[in-house]
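Chemist: So here's data09.cif, just mmCIF, C-alpha atoms and all ligand atoms:
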```cif
data_start
loop_
_atom_site.label_atom_id
_atom_site.label_comp_id
_atom_site.auth_asym_id
_atom_site.auth_seq_id
_atom_site.Cartn_x
_atom_site.Cartn_y
_atom_site.Cartn_z
CA MET G 1 -55.55 -2.33 35.46
CA LYS G 2 -53.74 -4.60 33.06
CA LYS G 3 -52.40 -1.58 31.21
CA LEU G 4 -51.22 0.05 34.43
CA LEU G 5 -49.48 -3.13 35.51
CA LEU G 6 -47.79 -3.41 32.13
CA PHE G 7 -46.68 0.18 32.43
CA ILE G 8 -45.15 -0.38 35.86
CA ILE G 9 -43.39 -3.54 34.72
CA SER G 10 -42.16 -1.64 31.68
CA LEU G 11 -40.74 1.11 33.85
CA GLY G 12 -38.86 -1.50 35.82
CA ILE G 13 -37.38 -3.49 33.01
CA LEU G 14 -37.09 -0.99 30.22
CA ALA G 15 -34.41 1.02 32.00
CA GLY G 16 -32.02 2.28 29.42
CA CYS G 17 -34.56 2.91 26.70
CA SER G 18 -36.14 6.00 25.32
CA PHE G 19 -38.68 5.77 22.57
CA SER G 20 -39.63 7.95 19.70
CA GLY G 21 -42.91 6.54 18.52
CA GLU G 22 -43.90 2.91 18.19
CA THR G 23 -41.79 2.06 15.20
CA ALA G 24 -38.61 0.30 16.19
CA ALA G 25 -37.54 -2.75 18.06
CA THR G 26 -37.42 -2.34 21.80
CA TYR G 27 -34.93 -3.77 24.22
CA ILE G 28 -36.39 -5.37 27.28
CA GLN G 29 -33.25 -6.10 29.13
CA ALA G 30 -29.48 -6.01 28.82
CA LYS G 31 -27.71 -8.81 30.62
CA ARG G 32 -24.18 -8.34 31.96
CA LEU G 33 -21.78 -10.91 30.53
CA ALA G 34 -18.58 -9.40 31.94
CA THR G 35 -17.73 -6.54 34.31
CA ASN G 36 -14.67 -4.52 35.34
CA LEU G 37 -13.29 -4.13 31.83
CA GLU G 38 -10.70 -1.35 31.54
CA ALA G 39 -11.26 1.06 28.66
CA PRO G 40 -12.47 -1.74 26.34
CA TRP G 41 -12.42 -1.02 22.61
CA SER G 42 -13.45 -3.96 20.42
CA ILE G 43 -15.72 -6.98 20.73
CA ALA G 44 -14.62 -10.15 18.94
CA SER G 45 -16.12 -13.63 19.26
CA ASP G 46 -15.27 -17.11 18.03
CA GLY G 47 -18.87 -18.20 18.58
CA GLU G 48 -18.06 -19.75 21.96
CA ARG G 49 -16.17 -17.01 23.78
CA PHE G 50 -15.70 -13.27 23.56
CA PHE G 51 -12.36 -11.53 23.22
CA ILE G 52 -12.44 -7.87 24.25
CA SER G 53 -9.46 -5.61 23.49
CA GLU G 54 -8.52 -3.08 26.15
CA ARG G 55 -6.70 0.14 25.28
CA GLY G 56 -4.09 -0.60 27.96
CA GLY G 57 -2.92 -3.60 25.94
CA ALA G 58 -4.79 -6.68 27.16
CA ILE G 59 -7.36 -9.02 25.64
CA VAL G 60 -10.10 -10.09 28.05
CA ARG G 61 -11.44 -13.56 27.31
CA VAL G 62 -15.03 -14.00 28.44
CA GLU G 63 -16.10 -17.63 28.81
CA LYS G 64 -19.68 -18.85 28.44
CA ASN G 65 -19.95 -19.33 32.20
CA GLY G 66 -19.07 -15.66 32.74
CA LYS G 67 -15.48 -16.28 33.80
CA THR G 68 -13.16 -13.53 32.57
CA ILE G 69 -9.43 -13.94 32.02
CA ARG G 70 -7.19 -10.99 31.21
CA GLU G 71 -4.70 -12.20 28.62
CA LYS G 72 -1.32 -10.68 27.77
CA VAL G 73 -0.51 -9.37 24.30
CA ARG G 74 3.19 -9.39 23.47
CA LEU G 75 3.79 -6.58 20.98
CA SER G 76 7.02 -5.65 19.23
CA ASP G 77 6.98 -2.09 20.61
CA PRO G 78 5.57 -0.49 23.77
CA LEU G 79 2.12 1.07 23.47
CA SER G 80 1.79 4.83 23.24
CA ASN G 81 0.11 6.53 26.15
CA ALA G 82 -1.22 9.37 23.95
CA ALA G 83 -4.88 10.29 24.43
CA GLU G 84 -7.30 7.85 22.73
CA ALA G 85 -4.34 5.59 21.83
CA GLY G 86 -3.31 2.02 22.63
CA LEU G 87 -4.63 -1.37 21.62
CA LEU G 88 -7.71 -0.47 19.58
CA GLY G 89 -9.14 -2.62 16.79
CA PHE G 90 -9.10 -6.38 17.21
CA VAL G 91 -10.72 -8.98 15.01
CA LEU G 92 -10.32 -12.74 14.70
CA HIS G 93 -9.15 -14.23 11.41
CA ASP G 94 -12.06 -15.98 9.71
CA ASP G 95 -10.27 -19.33 10.13
CA PHE G 96 -9.36 -18.58 13.76
CA HIS G 97 -10.41 -22.08 14.87
CA GLU G 98 -7.65 -23.51 12.67
CA SER G 99 -5.06 -20.76 12.48
CA ARG G 100 -5.43 -19.15 15.93
CA LEU G 101 -4.68 -15.83 14.22
CA ALA G 102 -6.19 -12.41 14.85
CA TYR G 103 -5.56 -8.89 13.60
CA ALA G 104 -4.90 -5.89 15.84
CA TYR G 105 -4.52 -2.13 15.36
CA TYR G 106 -2.41 -0.41 17.95
CA THR G 107 -0.59 2.84 18.67
CA TYR G 108 3.03 2.45 19.74
CA ASN G 109 5.62 4.81 21.02
CA SER G 110 8.23 5.61 18.36
CA ASP G 111 10.93 7.92 19.73
CA GLY G 112 8.35 9.73 21.80
CA SER G 113 5.78 10.03 19.01
CA PRO G 114 2.64 7.94 18.63
CA VAL G 115 2.50 5.79 15.48
CA ASN G 116 -0.13 3.21 14.51
CA ARG G 117 0.32 -0.18 12.92
CA ILE G 118 -1.77 -3.20 11.97
CA VAL G 119 -0.41 -6.62 12.89
CA THR G 120 -1.33 -10.27 13.14
CA LEU G 121 -1.43 -11.90 16.57
CA LYS G 122 -1.17 -15.61 17.28
CA TYR G 123 -3.08 -17.15 20.18
CA ASP G 124 -1.61 -20.00 22.23
CA GLY G 125 -4.78 -20.52 24.25
CA GLU G 126 -3.63 -18.21 27.06
CA ASP G 127 -1.82 -15.24 25.55
CA TRP G 128 -1.27 -13.44 22.27
CA GLU G 129 1.95 -12.76 20.39
CA GLU G 130 2.58 -10.41 17.50
CA THR G 131 3.74 -12.46 14.52
CA GLU G 132 3.64 -10.11 11.54
CA ILE G 133 3.39 -6.39 10.79
CA LEU G 134 0.88 -5.84 7.96
CA LEU G 135 0.88 -2.03 7.80
CA ASP G 136 3.21 0.31 9.67
CA GLY G 137 4.10 3.97 9.93
CA ILE G 138 0.52 5.20 10.19
CA GLU G 139 1.16 8.64 11.55
CA SER G 140 -0.73 9.63 14.60
CA GLY G 141 -1.06 13.04 16.13
CA PRO G 142 -2.09 13.69 19.71
CA VAL G 143 -5.58 12.30 18.92
CA HIS G 144 -7.69 10.83 16.04
CA HIS G 145 -6.05 7.44 15.56
CA GLY G 146 -9.06 5.76 13.94
CA GLY G 147 -8.46 2.11 14.73
CA ARG G 148 -11.48 -0.02 13.84
CA LEU G 149 -10.78 -3.35 12.13
CA ALA G 150 -13.42 -5.51 10.47
CA LEU G 151 -13.58 -8.43 8.07
CA SER G 152 -15.66 -8.02 4.92
CA PRO G 153 -18.16 -10.75 4.01
CA GLU G 154 -15.33 -12.19 1.84
CA GLY G 155 -12.95 -12.20 4.81
CA VAL G 156 -10.83 -9.22 3.67
CA LEU G 157 -9.44 -7.03 6.44
CA PHE G 158 -10.58 -3.38 6.46
CA ALA G 159 -9.29 -0.63 8.76
CA THR G 160 -10.32 2.92 9.59
CA ILE G 161 -7.54 5.46 10.01
CA GLY G 162 -8.00 8.88 11.59
CA ASP G 163 -6.51 12.16 10.40
CA GLY G 164 -4.08 12.15 13.33
CA ALA G 165 -5.18 15.72 14.07
CA ALA G 166 -3.62 16.83 10.74
CA PRO G 167 -6.80 17.46 8.71
CA GLU G 168 -5.04 18.19 5.39
CA ASN G 169 -3.65 14.63 5.34
CA ALA G 170 -7.17 13.27 4.89
CA GLN G 171 -7.14 14.64 1.30
CA ASP G 172 -3.52 13.60 0.60
CA PRO G 173 -3.56 10.35 -1.40
CA ASN G 174 0.01 9.64 -0.25
CA SER G 175 -0.87 9.71 3.44
CA PHE G 176 -2.52 6.85 5.34
CA ASN G 177 -4.38 9.38 7.46
CA GLY G 178 -8.08 10.01 7.08
CA LYS G 179 -8.56 6.86 5.01
CA ILE G 180 -10.37 3.55 5.03
CA VAL G 181 -8.04 0.87 3.71
CA LYS G 182 -8.19 -2.83 2.98
CA LEU G 183 -5.39 -5.31 3.33
CA GLN G 184 -4.93 -8.49 1.35
CA GLU G 185 -3.45 -11.67 2.74
CA ASN G 186 -0.31 -11.14 0.59
CA GLY G 187 0.47 -7.88 2.38
CA SER G 188 -0.75 -5.47 -0.31
CA PHE G 189 -3.14 -2.75 0.71
CA THR G 190 -5.63 -0.57 -1.14
CA THR G 191 -7.11 2.78 -0.19
CA VAL G 192 -10.87 2.30 -0.19
CA SER G 193 -11.88 5.91 0.56
CA LEU G 194 -10.42 9.21 1.71
CA GLY G 195 -11.48 12.47 3.34
CA HIS G 196 -12.33 11.02 6.75
CA ARG G 197 -11.73 12.80 10.05
CA ASN G 198 -11.82 10.07 12.69
CA PRO G 199 -13.75 7.04 11.46
CA GLN G 200 -14.22 4.30 14.07
CA GLY G 201 -17.04 2.11 12.76
CA LEU G 202 -17.27 -0.41 9.90
CA ALA G 203 -20.15 -2.71 8.98
CA TRP G 204 -21.60 -4.43 5.92
CA ASN G 205 -25.31 -4.88 5.31
CA ALA G 206 -26.91 -8.02 3.87
CA GLU G 207 -26.17 -6.74 0.34
CA SER G 208 -22.48 -6.34 1.22
CA ASP G 209 -22.63 -2.53 1.14
CA LEU G 210 -20.05 -1.00 3.49
CA TYR G 211 -21.02 1.66 6.03
CA SER G 212 -18.78 3.66 8.33
CA SER G 213 -19.25 6.03 11.25
CA GLU G 214 -16.97 9.00 11.90
CA HIS G 215 -16.43 11.67 14.50
CA GLY G 216 -17.05 15.15 13.18
CA GLN G 217 -15.55 18.36 14.47
CA SER G 218 -17.82 20.05 17.02
CA ALA G 219 -20.88 17.89 16.27
CA ASN G 220 -21.37 17.01 12.55
CA ASP G 221 -20.86 13.32 13.28
CA GLU G 222 -21.45 11.16 10.23
CA VAL G 223 -22.65 7.80 8.96
CA ASN G 224 -21.43 7.20 5.41
CA LYS G 225 -22.02 4.54 2.81
CA ILE G 226 -18.54 3.77 1.56
CA GLU G 227 -17.81 3.47 -2.13
CA GLN G 228 -14.48 2.37 -3.56
CA GLY G 229 -12.47 5.50 -4.36
CA GLY G 230 -14.97 7.81 -2.68
CA ASN G 231 -13.89 11.16 -1.20
CA TYR G 232 -15.87 11.87 1.96
CA GLY G 233 -14.88 15.49 2.13
CA TRP G 234 -12.95 16.19 5.32
CA PRO G 235 -11.70 18.85 5.93
CA VAL G 236 -13.18 20.61 2.86
CA ILE G 237 -16.78 19.78 3.74
CA GLU G 238 -18.42 18.33 6.83
CA GLY G 239 -21.89 17.42 8.05
CA HIS G 240 -24.65 18.48 5.67
CA GLU G 241 -22.29 20.31 3.32
CA GLY G 242 -21.80 19.11 -0.22
CA ARG G 243 -19.34 19.62 -3.05
CA GLU G 244 -18.88 18.11 -6.47
CA GLY G 245 -16.61 15.09 -6.36
CA MET G 246 -17.23 14.59 -2.66
CA ILE G 247 -19.75 12.34 -0.98
CA SER G 248 -21.99 13.77 1.74
CA PRO G 249 -23.04 11.52 4.61
CA LEU G 250 -26.24 9.49 4.60
CA LEU G 251 -26.83 10.73 8.11
CA THR G 252 -25.25 13.44 10.25
CA SER G 253 -25.86 14.55 13.82
CA GLY G 254 -25.98 18.12 12.46
CA THR G 255 -24.39 21.16 13.96
CA ASN G 256 -26.10 21.05 17.35
CA GLU G 257 -25.67 17.45 18.46
CA THR G 258 -22.65 15.27 19.17
CA TRP G 259 -22.83 11.49 19.12
CA ALA G 260 -19.11 10.64 18.95
CA PRO G 261 -19.95 7.41 17.11
CA SER G 262 -17.64 4.41 17.37
CA GLY G 263 -18.47 0.76 16.58
CA ILE G 264 -21.41 -0.04 14.27
CA THR G 265 -23.21 -3.19 13.19
CA PHE G 266 -26.18 -4.36 11.17
CA HIS G 267 -28.65 -6.61 12.95
CA ASN G 268 -31.99 -7.82 11.58
CA GLY G 269 -32.00 -5.11 8.95
CA LEU G 270 -31.33 -2.20 11.30
CA LEU G 271 -28.07 -0.30 11.73
CA TYR G 272 -26.82 0.10 15.30
CA VAL G 273 -24.28 2.78 16.20
CA ALA G 274 -22.39 2.92 19.51
CA ALA G 275 -22.16 6.52 20.69
CA LEU G 276 -19.61 7.74 23.23
CA ARG G 277 -20.49 11.36 23.95
CA GLY G 278 -24.08 10.63 22.98
CA GLU G 279 -24.11 7.90 25.67
CA ALA G 280 -26.50 5.82 23.62
CA ILE G 281 -26.93 3.16 20.99
CA LEU G 282 -28.53 4.75 17.96
CA VAL G 283 -30.95 2.48 16.10
CA ILE G 284 -31.07 3.58 12.47
CA ASN G 285 -33.49 2.50 9.79
CA PRO G 286 -31.22 2.11 6.74
CA GLU G 287 -34.14 2.69 4.36
CA THR G 288 -34.90 6.15 5.71
CA MET G 289 -31.56 6.80 7.47
CA GLU G 290 -33.51 8.14 10.42
CA VAL G 291 -32.58 7.52 14.03
CA GLU G 292 -35.62 5.55 15.20
CA GLU G 293 -34.52 5.02 18.74
CA LYS G 294 -31.81 5.87 21.24
CA ILE G 295 -31.07 3.24 23.84
CA GLU G 296 -29.68 5.05 26.85
CA GLY G 297 -28.71 4.45 30.44
CA TYR G 298 -25.39 2.63 30.08
CA GLY G 299 -23.10 5.62 29.71
CA ARG G 300 -20.57 5.86 26.90
CA ILE G 301 -20.77 3.02 24.37
CA ARG G 302 -17.64 1.97 22.46
CA ASP G 303 -18.57 -1.02 20.34
CA ILE G 304 -21.56 -3.12 19.32
CA HIS G 305 -21.49 -6.62 17.87
CA SER G 306 -24.07 -8.91 16.25
CA ASP G 307 -23.62 -12.66 15.95
CA GLY G 308 -26.71 -12.85 13.76
CA GLU G 309 -28.92 -13.95 16.65
CA SER G 310 -28.08 -11.52 19.44
CA LEU G 311 -26.65 -8.07 19.97
CA TYR G 312 -23.78 -7.33 22.33
CA PHE G 313 -22.20 -4.03 23.35
CA ILE G 314 -19.49 -2.62 25.62
CA SER G 315 -19.67 0.50 27.72
CA ASN G 316 -16.70 2.84 27.81
CA ASN G 317 -16.95 4.75 31.06
CA THR G 318 -13.43 3.99 32.35
CA ASP G 319 -11.45 5.81 29.66
CA GLY G 320 -11.14 8.97 31.73
CA ARG G 321 -14.01 10.78 29.98
CA GLY G 322 -16.95 9.05 31.65
CA SER G 323 -18.43 8.50 35.10
CA PRO G 324 -17.77 4.83 35.79
CA SER G 325 -19.97 2.81 38.13
CA GLU G 326 -18.44 0.15 40.36
CA SER G 327 -18.80 -2.64 37.81
CA ASP G 328 -17.76 -0.65 34.73
CA ASP G 329 -16.89 -1.29 32.11
CA VAL G 330 -19.35 -3.96 31.09
CA LEU G 331 -19.99 -6.35 28.19
CA TYR G 332 -23.77 -6.51 27.78
CA LYS G 333 -26.09 -8.75 25.79
CA PHE G 334 -29.55 -7.57 24.77
CA VAL G 335 -32.17 -10.16 25.59
CA ASN G 336 -35.83 -10.28 24.61
CA ILE G 337 -35.86 -7.89 21.69
CA LYS G 338 -39.49 -7.34 20.76
CA LYS G 339 -41.55 -4.87 18.82
CA ILE G 340 -42.85 -2.19 21.09
CA ALA G 341 -46.05 -2.10 19.05
CA ASP G 342 -46.59 -5.80 19.81
CA GLU G 343 -45.87 -5.22 23.46
CA ARG G 344 -48.55 -2.54 23.72
CA ARG G 345 -51.22 -4.40 21.79
CA CA G 401 -17.70 13.75 5.48
#
```
Could you take the file, read its structure, and then write that structure out as C-alpha cells?
Ligand SMILES: [Ca+2]
Modeler:
Amino acid sequence: MKKLLLFIISLGILAGCSFSGETAATYIQAKRLATNLEAPWSIASDGERFFISERGGAIVRVEKNGKTIREKVRLSDPLSNAAEAGLLGFVLHDDFHESRLAYAYYTYNSDGSPVNRIVTLKYDGEDWEETEILLDGIESGPVHHGGRLALSPEGVLFATIGDGAAPENAQDPNSFNGKIVKLQENGSFTTVSLGHRNPQGLAWNAESDLYSSEHGQSANDEVNKIEQGGNYGWPVIEGHEGREGMISPLLTSGTNETWAPSGITFHNGLLYVAALRGEAILVINPETMEVEEKIEGYGRIRDIHSDGESLYFISNNTDGRGSPSESDDVLYKFVNIKKIADERR
C-alpha cells in the first residue's frame, strides 16, 4: 500500500522526469520563478535577483518576490532580425555590485547584414546602456551566431562564436567564426579553440576544466572538453569521427539523435545540458560521460544556471520553433533534488 501510494504521489509530482535506472539525482519539482518571458537566452544572477536576456533586446529583472520588470537595453546599433539572432549572451561582471557592469553578445544590423559584437553594459538600476565595444565585426551568416558568454573561475570573459553558416571559417585562424575566445580587461583577446560549428554552452568544473556544448549538423551534437589551442574538427570531422591533430568530443548525440544543446552548467559534480530540439535537460556524469537522465516536460530549454545551491533553467518555446503554453517562457527553479534510490528505499 505504502509503495502504491508513493508511486501515485511520484506520478503527480515527478512530471517532467524520465529515468534510466536508479543512478542519478531526481528532480521532484520545478517551481516557476517568472513567466511570460519572450525568447529568453541567458540566465544571470547577482545573488539577489535574476537578469534574463531576451533575444528581442530586453533584460528581464526577476525580483525575489517574483515581480518581473522588463528593462531597456540601449545599444549603439539596432538589433538584427536574422534567424537565431539578437541579444544573446549576457553575464554580470564579477564586481557587478560595485561596478554595475555586465557583458553582452548581440547581433546587429550592419547595412542589411547581421554582425555580432561583444560589449559592456552599465546598469543604472532600471535600464542598461552600452558603454564599450570589446570585440566587433564578428561575421554572422543567416544562422549560427554562437553567442554564449561566461566568466571563468578567474573572472575572465569567454565567448562562443558560431561558424555563421560558413563552415570553412571555423578552420581559418584569421576568422572569428567557429571559435571560442577569451577577452582580457585591457581589450586584448585570445583564441582558445577552433573548429566549432555552433557552440552555445560554456562551463567550468570544480578543477577549472572548461567544457562546451555545440550544435552539430543533422544530429552529431557535441560536448567537448576545451583545451587551449585545440582544434575541434568542424567541418573536417564531426560526431564520432577522429583525425590526427583534431579533438573528438567527449560525448556526441550520434548520427540518429538531435539535442540542439545550448547552455550548460556543472552542479554538485554533474554536468547539465539544456537541449532545445531535444526538449530536455541532459544530466551527464562527467566521469563516464554518459547521459544518466533526461528531464523532460518543459519543452525547449535554452539555458541552465547553478548558484552552487540550486539549479535554475529557462524554457525557450516562444522563439518560433516551439509550442508555447500560455505562461511561456518560464524561469524555473528545481526544488527538492534527491537521490531516486533513496526515495525508493
Ligand atoms: Ca567537433
Chemist: Go through G:Ala165, G:Ile133, G:Leu331, G:Ile118 and flag the residue nearest Lys31 in chain G, using all atoms listed in the file for the distances.
Modeler: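 Result for the nearest residue to Lys31 in chain G: G:Leu331.
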Chemist: Counting only C-alpha atoms and all ligand atoms, name the residues that have an atom within 6 Å of an atom of ligand CA 401 (chain G); the answer should be given as a list in words.
Modeler: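 Written in the requested form, the residues are Tyr232, Gly233, Trp234, Glu238, Ser248 and Pro249 of chain G.
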Chemist: Could you list, as a PyMOL selection string, every residue within 7 Å of Thr265 in chain G, counting only C-alpha atoms and ignoring same-chain residues fewer than 6 positions away?
Modeler: chain G and resi 203+271-273+304-306
Chemist: Write out as a PyMOL selection string each polymer residue whose atoms come within 6 Å of Val192 in chain G, counting only C-alpha atoms; drop sequence neighbours fewer than 4 positions from it.
Modeler: chain G and resi 180-181+228-229
Chemist: Out of G:Gly125, G:Pro167, G:Gly195, G:Pro235, which residue has the shortest atom-to-atom distance to Val73 in chain G when counting all atoms listed in the file?
Modeler: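 Comparing G:Gly125, G:Pro167, G:Gly195, G:Pro235 against Val73 in chain G, the winner is G:Gly125.
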Chemist: Measuring atom to atom with all atoms listed in the file, identify which of G:Pro40, G:Gly269, G:Pro142, G:Gly320 is nearest to Asn285 in chain G.
Modeler: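 Using all atoms listed in the file, the shortest distance to Asn285 in chain G belongs to G:Gly269.
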Chemist: Fewer than 5 positions away in the same chain doesn't count, so skip those; otherwise give me all residues within 7 Å of Thr107 in chain G, counting only C-alpha atoms, as a compact mmCIF listing (two decimals) with C-alpha atoms, in the frame of the given file.
Modeler:
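For reference, part.txt as written:
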```
# COMPACT_ATOMS: atom_id res chain seq x y z
CA LEU G 79 2.12 1.07 23.47
CA SER G 80 1.79 4.83 23.24
CA ALA G 85 -4.34 5.59 21.83
CA GLY G 86 -3.31 2.02 22.63
CA LEU G 87 -4.63 -1.37 21.62
CA PRO G 114 2.64 7.94 18.63
CA VAL G 115 2.50 5.79 15.48
CA ASN G 116 -0.13 3.21 14.51
CA ARG G 117 0.32 -0.18 12.92
```
Chemist: Looking at G:Gly230, G:Gly57, G:Pro286, G:Gly278, which one is nearest to Leu250 in chain G, with distances taken over all atoms listed in the file?
Modeler: G:Pro286
Chemist: Given the choices G:Lys67, G:His267, G:Lys122, G:Lys179, which gets closest to Leu101 in chain G if the distance is worked out from all atoms listed in the file?
Modeler: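 Residue with the minimum atom-to-atom distance to Leu101 in chain G: G:Lys122.
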Chemist: How many Å lie between CA of Asp307 in chain G and CA of Glu214 in chain G, rounded to one decimal?
Modeler: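 CA of Glu214 in chain G lies 23.0 Å from CA of Asp307 in chain G.
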Chemist: Please return, as a list in words, all polymer residues that have at least one atom within 10 Å of the point (-3.6, -13.0, 16.7); use all atoms listed in the file and the file's own coordinate frame.
Modeler: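 Every residue inside that radius is included here: Val73, Phe90, Val91, Leu92, His93, Phe96, Ser99, Arg100, Leu101, Ala102, Tyr103, Ala104, Val119, Thr120, Leu121, Lys122, Tyr123, Asp124, Asp127, Trp128, Glu129, Glu130, Thr131 and Glu132 of chain G.
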Chemist: Would you please work out which residue, of G:Asn220, G:Ser152, G:Gln29, G:Thr191, is nearest to Glu207 in chain G when using only C-alpha atoms?
Modeler: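 Closest to Glu207 in chain G of all the choices is G:Ser152.
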Chemist: Calculate how many Å separate CA of Ala34 in chain G from CA of Thr68 in chain G, rounding to one decimal.
Modeler: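 Spanning CA of Ala34 in chain G to CA of Thr68 in chain G is a straight-line distance of 6.8 Å.
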